[in-house]
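A.B. asks: One structure, pasted below without further comment.
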Amino acid sequence: MRSYRDPRDYDNGEDDRSSASRRLYLNMLLCLGVIFLTIFGCQWIFSDISGVYSVNQGSFRSPVVLSLVRKPASIEGDLSLAGGEMLVLNNSDNTRDDQIHLVFTSAKKEKSHKTVVVQVDGVYKDGKIDAVLTSGGQSVKLKLERDPSASLHKIMKAHLPF
């Protein structure tokens, strides 16, 4: 059985359609804005030098792991070497655009160990760093590649408050 509707109610239907159209267009605009901001954010995250870099050796653990986070006024980071030595970034003043010059020193100041100083000089391009590690007069040339998932985790951990 059909219910009776007053013909005057049909005039309000046009306003309902117009309001629904506005809401639909607003939702589409909002969705496109979120998509644009997400793409922009991902491009910004992966175009920056921040991240975790290692030597690509297939399934083996890399002997060198470089971890960097760019802050507004400086770069923070650490360098893990094959012997388990953990070095902390001490100086990054000469790092410009894609040219990298980083100086790492020993994290622990123990009397029994000498202070280890390692310089990393290289070029950053497309998520890869072609670098020369220099320590004690010896040099090693390495090609460090960014690990995307570890880099994203490191960047989010450094920039988010929780």
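In the structure tokens, chains take letters A, B, ... by order of appearance, with residues numbered from 1 within each chain and ligands from 1 in the order shown.
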Which residues of stretch 56-159 of chain A have any atom within 12 Å of an atom in stretch 35-43 of chain A when counting only C-alpha atoms, and what is the closest pair of atoms for each, with the distance in Å to one decimal? Order the rows by chain and rising number and write it as a tab-separated table.

C.D. replies:
```
residue	atom	partner	partner_atom	distance
A:Asp126	CA	A:Gln43	CA	11.8
A:Gly127	CA	A:Gln43	CA	11.8
A:Pro148	CA	A:Cys42	CA	11.1
A:Ser151	CA	A:Cys42	CA	11.8
A:Leu152	CA	A:Cys42	CA	9.4
A:Ile155	CA	A:Cys42	CA	11.4
A:Met156	CA	A:Cys42	CA	11.6
```

A.B. asks: Residues as selected, N, CA and C atoms, written as a short mmCIF file (atom, residue, chain, number, x, y, z; two decimals), in the first residue's frame, can you do that?

C.D. replies:
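Listed below is the output, out-v5.cif:
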```
data_model
loop_
_atom_site.label_atom_id
_atom_site.label_comp_id
_atom_site.auth_asym_id
_atom_site.auth_seq_id
_atom_site.Cartn_x
_atom_site.Cartn_y
_atom_site.Cartn_z
N ASP A 126 69.34 9.46 -5.82
CA ASP A 126 68.28 8.46 -6.01
C ASP A 126 68.26 7.38 -4.93
N GLY A 127 68.38 7.77 -3.68
CA GLY A 127 68.32 6.81 -2.58
C GLY A 127 69.57 5.98 -2.40
N PRO A 148 63.90 1.04 2.36
CA PRO A 148 62.69 1.87 2.45
C PRO A 148 61.88 1.69 3.74
N SER A 151 63.85 2.98 6.74
CA SER A 151 63.97 4.44 6.63
C SER A 151 62.67 5.12 7.06
N LEU A 152 61.55 4.61 6.60
CA LEU A 152 60.26 5.20 6.97
C LEU A 152 60.05 5.11 8.48
N ILE A 155 62.37 7.71 10.19
CA ILE A 155 61.92 9.08 9.99
C ILE A 155 60.69 9.37 10.85
N MET A 156 59.73 8.45 10.85
CA MET A 156 58.52 8.66 11.65
C MET A 156 58.85 8.69 13.13
#
```

A.B. asks: Please run DSSP on the backbone and report, as number ranges by chain, all residues within stretch 42-153 of chain A that come out as strand (DSSP E or B).

C.D. replies: A: 51-55, 65-70, 75-80, 86-91, 96, 99-106, 117-125, 128-135, 138-146

A.B. asks: Could the residues in this selection be written to a file with C-alpha atoms, as a PDB file, in the first residue's frame?

C.D. replies:
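Result file is result36.pdb:
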```pdb
ATOM      1  CA  GLY A  51      66.996   7.090   6.345  1.00  0.00           C
ATOM      2  CA  VAL A  52      68.811   3.841   6.949  1.00  0.00           C
ATOM      3  CA  TYR A  53      71.470   2.828   4.427  1.00  0.00           C
ATOM      4  CA  SER A  54      73.376  -0.425   4.113  1.00  0.00           C
ATOM      5  CA  VAL A  55      75.588  -2.267   1.669  1.00  0.00           C
ATOM      6  CA  VAL A  65      74.812   0.457   8.433  1.00  0.00           C
ATOM      7  CA  LEU A  66      74.451   4.234   8.185  1.00  0.00           C
ATOM      8  CA  SER A  67      71.454   5.857   9.863  1.00  0.00           C
ATOM      9  CA  LEU A  68      70.700   9.566   9.279  1.00  0.00           C
ATOM     10  CA  VAL A  69      67.896  11.937  10.302  1.00  0.00           C
ATOM     11  CA  ARG A  70      67.791  15.498   8.993  1.00  0.00           C
ATOM     12  CA  ILE A  75      71.823  16.138  10.713  1.00  0.00           C
ATOM     13  CA  GLU A  76      71.855  13.448  13.403  1.00  0.00           C
ATOM     14  CA  GLY A  77      73.009   9.904  12.842  1.00  0.00           C
ATOM     15  CA  ASP A  78      75.081   6.907  13.669  1.00  0.00           C
ATOM     16  CA  LEU A  79      77.303   4.441  11.859  1.00  0.00           C
ATOM     17  CA  SER A  80      77.493   0.769  12.725  1.00  0.00           C
ATOM     18  CA  MET A  86      78.842   2.053  17.035  1.00  0.00           C
ATOM     19  CA  LEU A  87      79.915   5.544  15.989  1.00  0.00           C
ATOM     20  CA  VAL A  88      77.950   8.763  16.477  1.00  0.00           C
ATOM     21  CA  LEU A  89      77.771  11.624  13.973  1.00  0.00           C
ATOM     22  CA  ASN A  90      79.970  14.411  15.278  1.00  0.00           C
ATOM     23  CA  ASN A  91      80.224  16.861  12.363  1.00  0.00           C
ATOM     24  CA  ARG A  96      75.493  20.385   1.009  1.00  0.00           C
ATOM     25  CA  GLN A  99      77.515  16.245  -1.503  1.00  0.00           C
ATOM     26  CA  ILE A 100      78.073  14.404   1.771  1.00  0.00           C
ATOM     27  CA  HIS A 101      80.880  14.956   4.288  1.00  0.00           C
ATOM     28  CA  LEU A 102      80.216  13.347   7.656  1.00  0.00           C
ATOM     29  CA  VAL A 103      82.580  12.751  10.576  1.00  0.00           C
ATOM     30  CA  PHE A 104      81.748   9.983  13.051  1.00  0.00           C
ATOM     31  CA  THR A 105      83.465   9.351  16.399  1.00  0.00           C
ATOM     32  CA  SER A 106      83.262   6.632  19.049  1.00  0.00           C
ATOM     33  CA  VAL A 117      87.217   8.684  13.853  1.00  0.00           C
ATOM     34  CA  VAL A 118      85.611   7.743  10.531  1.00  0.00           C
ATOM     35  CA  GLN A 119      84.938  10.181   7.699  1.00  0.00           C
ATOM     36  CA  VAL A 120      82.266   9.491   5.111  1.00  0.00           C
ATOM     37  CA  ASP A 121      82.628  11.462   1.878  1.00  0.00           C
ATOM     38  CA  GLY A 122      80.333  10.833  -1.045  1.00  0.00           C
ATOM     39  CA  VAL A 123      77.444  11.732  -3.275  1.00  0.00           C
ATOM     40  CA  TYR A 124      73.738  11.139  -2.592  1.00  0.00           C
ATOM     41  CA  LYS A 125      71.589  10.332  -5.609  1.00  0.00           C
ATOM     42  CA  LYS A 128      71.915   5.648  -2.939  1.00  0.00           C
ATOM     43  CA  ILE A 129      75.125   6.982  -1.487  1.00  0.00           C
ATOM     44  CA  ASP A 130      78.410   6.393  -3.300  1.00  0.00           C
ATOM     45  CA  ALA A 131      80.834   6.950  -0.453  1.00  0.00           C
ATOM     46  CA  VAL A 132      84.403   6.547   0.685  1.00  0.00           C
ATOM     47  CA  LEU A 133      84.894   5.645   4.364  1.00  0.00           C
ATOM     48  CA  THR A 134      88.249   6.860   5.679  1.00  0.00           C
ATOM     49  CA  SER A 135      89.740   5.937   9.038  1.00  0.00           C
ATOM     50  CA  GLN A 138      92.782   3.583   5.149  1.00  0.00           C
ATOM     51  CA  SER A 139      89.916   4.073   2.719  1.00  0.00           C
ATOM     52  CA  VAL A 140      87.088   1.816   1.630  1.00  0.00           C
ATOM     53  CA  LYS A 141      84.739   2.623  -1.232  1.00  0.00           C
ATOM     54  CA  LEU A 142      81.118   1.580  -0.628  1.00  0.00           C
ATOM     55  CA  LYS A 143      77.758   1.884  -2.331  1.00  0.00           C
ATOM     56  CA  LEU A 144      75.097   2.300   0.354  1.00  0.00           C
ATOM     57  CA  GLU A 145      71.451   1.718  -0.584  1.00  0.00           C
ATOM     58  CA  ARG A 146      68.434   2.968   1.335  1.00  0.00           C
TER      59      ARG A 146
END
```

A.B. asks: Find the residues near A:Lys71: any atom within 12 Å, counting only C-alpha atoms, skip ones fewer than 6 places away on the same chain, and give them as number ranges by chain.

C.D. replies: A: 48-50, 77, 92, 155, 158-159

A.B. asks: Would you mind writing down, as a ChimeraX atom specification, each residue of stretch 10-111 of chain A that DSSP on the backbone assigns to alpha helix (DSSP H)?

C.D. replies: /A:10-47

A.B. asks: Rank A:Gly136, A:Val64, A:Asn56, A:Asp98 by their smallest atom-to-atom distance to A:Ala82, using only C-alpha atoms, and report the top residue only.

C.D. replies: A:Val64
